[in-house]
Every structure is written in C-alpha cells, then in structure tokens.
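A.B. asks: Sharing a structure with you now.
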Amino acid sequence: MNRIAGLETEYGCLTNTPSGSFIAVERVRDWIFGRPDFGLIDVHHRDWDEPPGNGGFLFNGGRVYIDMGHLEYCTPECVSLIDILRYDRAGDMLAMHAVKSLGLADEISFIRNNIDHYTGATFGCHENYLVRRSAPLTETNVLSLLTFLTLRVLFTGAGRVGTTQAAEWRGEISRPGTEGFFQMSQRADYINNDLYEWVQFNRSIINTRDEPLGDPRKYRRLHLLHGDTSVLPATLLLKVGTTSLMLDLLEINQLPKLVMADAVKTFRALSHQPDGPWLARLADGRNADAVELLEKFFAAAWSEFHGRDAETDVLLDVWGSTLKALAAEPQALIGKVDWITKYWLLRKFMEQEKLDWDDPWLKAQDLEFHHIDPARSLGLALSQPPPQWDLTAKEIESSVLEPPVNSRAGARSRVMRLLQEFAPPYSIDWELIGVDGINPLNMLNPFDPSPPELKPWLVEFNTVVKEGGAPSKPSRKDADGKNDDRSRN
C-alpha cells in the first residue's frame, strides 16, 4: 500500500456462565497483561472512559482494551496488505490463547461480527487510513469517495439474518425490522449520516474527526466505521486494499466524479436486496447499475497503478475478477466474499432442515460463521484466498509477539521492552511515549521503524533511568487502585 492502515475489531462474546460476558472479557484482558509475553498495561488515564488498567499496548505494536464491555483489538500500523491480514488474525489468536489457557473454552466464545441478535446492539470494525494532508479534499472528491464507500458493500459486506429498525435520519425512519430476511451488511441499518464526527448514535459512512496520530502538518487519518468485520481473507483484503487505492486516486486528484443522490439510503437499499437489482441513484437523477459504477473506480485504479508493484497487481486482479463475478455469477465468489458465502451456506442449511428465515436456529448459524477459532468458524471452513494471501498458523503466531518491521510499531515495541525491563513510570500512546524524569519521545512519522528522535531519547533514558535508578514496577494494584485482580471499566 501507499499508506499506513490499521483495523480496530470489537469482538462479540458468547458465554453460558451466570456471571455474564463482561467478567469473561475482563479475565481475558487480565490474562494478556498479567504475564510478560504480550504487552504493557496502561498505568495512566487515556480518557474519561479508559482508566488505568483498562487495556494496554502490545509488543506486536497493537493494542487491547475493553470498550463498552467488548474486548477490542487494534492492529499495529501496517504498510502492506499481508501485514493487515497477519496482524488482524493475530488478535484472534491472542484471544484464543487466553480462552484456552484460562480453561474457558467450553464457557465463552469470541465472535468477529457486528450485531447482538438478542438486544439489537451493534459494535464495530473501524478502519483507519493515513491520508496525506496535501490531498485535494474538494466537495466533489469527498462525495466521489463517499460513492465508492457506499457501493463497496457489494464485495465487503459480512451478511446477516434479520434487520434492525434504523434510527431516525433527516426526518425519516427506515423500514421496520423483520426477522424473515437476509441482508448483505451488518452495519447498514445503523448508519444514519454520510459525514459526521461522532462514532456513536449518529454513525456516518465517513467519520470527519481529524486525529492523525502522526505529524498533523503532513497527515490526516480517515476513520471509517460503516464497514463490517470481515471473516474471509479475500473480503478483508479487498475492503482495505480497494479503499487504499481510492485514496491513492484522491491524492492525485483522479477519482471518478460520481456523486450519489443519497448515500445512506443507497447503502441500506443495497444491503436489503441481496438478490438485486443493485441500482444506485446518482445526483443527476440517473439510476445506474452499482457494479458498473464500481467498474469505473476499478478502471481508474488500473489505469494509474497497474504495474506499480506486485501487491497492487494481485489486488487489481482479485478486484477485477470479483466485479466480473458480481455482474455475471455471484456464486463464483463463495469462499471469497463474506455475504455471498454466508447467504449460500444458510440457504443450503434451510433446505436441508426445512427452515424459514425467521427460525432462530439461523441466527445461531450466523454467529458460528464468525467464530474466531478456525476449527469452529463456518466461514473460514469455506475460505478460498488467493495463494498470495494464504497465511499459515505459524506466520500468524509470530505476529502475536513481533511488530511489523517497516512501521513506527517497531520502535514503540523496542521502547516497551526497555520499559518492561527497567520499570519506570510510563505512559504510552501511538505516537508518544512518556517516562518520568526525561523528555517525551515523539514519533510523528508512522512509516519510520527507526525514527531519528529515538537515538537521543535512548541516551537520555540510559542516563536517567538505567544509571539513576527508577521506581519499582507498577502492578495491577497500582494500575487500578483496587486490591483484587479486576480493573475498572
């Protein structure tokens, strides 16, 4: 990729214990940070809802914490698509290690999905893309990007059984929720706006909060929360890869000028029509075929970037074949596109068991599609990734412990190992590390695994901390102010 990207995954948690899922999530969090292998717990307030002990950074460059009762895992800063996949799956593997080591495998399960079928609540998979500050964010370019982000649901949706009554949006209310229904997106019913800065209650396709986590003179961060959590590798990498290509086009002012009449309504309408027709109304009043519109974005990316590097060429080949299959034979994408795979699987199950779409058994099967354990996941059992995107368990295991070698995550991990060894009071963030008694380490270039600021900072660290001594290592008791092994949320 031509940029840094990263994912935040909020896991659903199923449990059959009387204490409920929250205690299970706390136990998993505490197992991760209660041993020296994986990372360092936060010993400072990060925000009003992130007290000390709520989570921490990992030695692989990522982060784990509890967000509104959910275990959340963030990948490190990734520069390549294969690293996005490796480190995303590392979060699953870390959670599975915790569950099995705690002896909870028969009591709790973590699920890579976005809805609670019982309460109707949603939880997200947030995508983060570094965008150069010089990108021409004209109204037409932003609305053209919005068009792509709306239409990409055709190959990025995870699929779901049932619907949720959508929140009020611009004075209108969407169709009432119904059980006897399948749709292609888990998040579409919860998206109420096209552009907005909040991440809850008025969720938008493009989140406008400008928080670059890097040099604000050079970068901004595109934060997306309308996408589904991907199960199949091909879906995940199409989602991240094609969006990155659109940002490449944006930065050189070559995005196709295609503007939707109403992006949110189109997003919901496409999701509610898995069998088609997939039509999108444009701002000029025309109704256009959604796949044909996506082909215009694909053609622009192919024209500008084909031959740039091997990763881009693989991505373009996979994207092109995906669009051809969507137009002619969607079932050719079984094992590659989440919603198509799930739709086919559930219909086969319904035929075999003589069920209707409103049977609760289907919701149970829906959840099993998203299980993080490959031995249980109905989705991963059908996965057909391109050979270049097929990872081994050993490759994923190494990503649980080690950071990417080509991004800032490597420098942060190196410093964290020193903090673990010498145990001074510390604070850690994505671009900033603070240690009592010395100047903070600012790492504003997320591409640099060896930032120039690191060497003088290490000299100061050696002088003050190594030679001058440091306070004793903070414990869980110090972190959360309690005497038991649980932290506050």
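For the structure tokens, the naming scheme is as follows: chains receive sequential letters (A, B, ...) according to their order of presentation, residues are indexed from 1 within each chain, and ligands are indexed from 1 in presentation order.
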Need to verify the contact set: range 455-465 of chain A, 12 Å, only C-alpha atoms, exclusion of same-chain residues closer than 4 positions in sequence. Can you return it as a ChimeraX atom specification?
C.D. replies: /A:411,414-416,418-419,421-426,432-443,450-451,469-472
A.B. asks: List the spatial neighbours of range 56-67 of chain A as a VMD selection string - criterion: any atom at most 6 Å away, only C-alpha atoms, same-chain residues fewer than 6 positions off excluded.
C.D. replies: chain A and resid 38 to 42 73 to 76 400 to 403 409 413
A.B. asks: Which of these residues is nearest to Ser407 in chain A, using only C-alpha atoms: A:Asp448, A:Asp49, A:Asp390, A:Asp37?
C.D. replies: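 So, comparing all the options, the nearest one is A:Asp448.
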A.B. asks: Please identify which residues in range 262-460 of chain A DSSP calls strand (DSSP E or B) from the backbone, and express them as a PyMOL selection string.
C.D. replies: chain A and resi 279-282+287-289+371+426-428+432-435+441-442
A.B. asks: Mind giving me the straight-line distance from CA of Trp357 in chain A to CA of Thr156 in chain A in Å, one decimal?
C.D. replies: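 Taking CA of Trp357 in chain A as the start and CA of Thr156 in chain A as the end point, the length is 22.2 Å.
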A.B. asks: At a cut-off of 12 Å, using only C-alpha atoms, what residues contact Leu154 in chain A? Leave out same-chain residues fewer than 2 positions from it and give the result as a PyMOL selection string.
C.D. replies: chain A and resi 148-152+156-159+183-185+188+227-228+235+238-239+266-280+289-294+319+322-323+325-327+330+333+337-340
A.B. asks: Which residues, written as an NGL selection string, have at least one atom at most 9 Å from range 391-393 of chain A, with only C-alpha atoms counted and residues fewer than 5 positions away on the same chain left out?
C.D. replies: :A and (82 or 85-86 or 398)
A.B. asks: Pull N, CA and C atoms from the residues just selected and write them as an mmCIF file, in the first residue's frame.
C.D. replies:
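Result file follows (again28.cif):
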data_model
loop_
_atom_site.group_PDB
_atom_site.id
_atom_site.type_symbol
_atom_site.label_atom_id
_atom_site.label_comp_id
_atom_site.auth_asym_id
_atom_site.auth_seq_id
_atom_site.Cartn_x
_atom_site.Cartn_y
_atom_site.Cartn_z
ATOM 1 N N ILE A 82 -0.688 -7.783 3.322
ATOM 2 C CA ILE A 82 -0.495 -9.057 4.010
ATOM 3 C C ILE A 82 -0.258 -8.837 5.497
ATOM 4 N N LEU A 85 -3.625 -8.434 7.191
ATOM 5 C CA LEU A 85 -4.244 -9.731 7.451
ATOM 6 C C LEU A 85 -3.549 -10.447 8.603
ATOM 7 N N ARG A 86 -2.213 -10.485 8.591
ATOM 8 C CA ARG A 86 -1.459 -11.180 9.649
ATOM 9 C C ARG A 86 -1.803 -10.630 11.032
ATOM 10 N N SER A 398 3.647 -15.789 14.894
ATOM 11 C CA SER A 398 4.771 -14.864 15.050
ATOM 12 C C SER A 398 4.295 -13.422 15.165
#
A.B. asks: What gap, in Å, lies between CA of Leu146 in chain A and CA of Ser134 in chain A?
C.D. replies: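 Distance reported for this atom pair: 18.8 Å.
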A.B. asks: Need the shell around range 247-263 of chain A: protein/DNA/RNA residues with any atom at most 7 Å away, counting only C-alpha atoms. Skip same-chain ones fewer than 2 positions apart. Format as a list in words?
C.D. replies: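 The residues satisfying every condition are Ala135, Pro136, Thr140, Asn141, Leu143, Ser144, Thr147, Thr150, Asp194, Thr243, Ser244, Leu245, Lys265, Thr266, Phe267, Arg281, Leu282, Ala283, Lys296, Phe297 and Ala301 of chain A.
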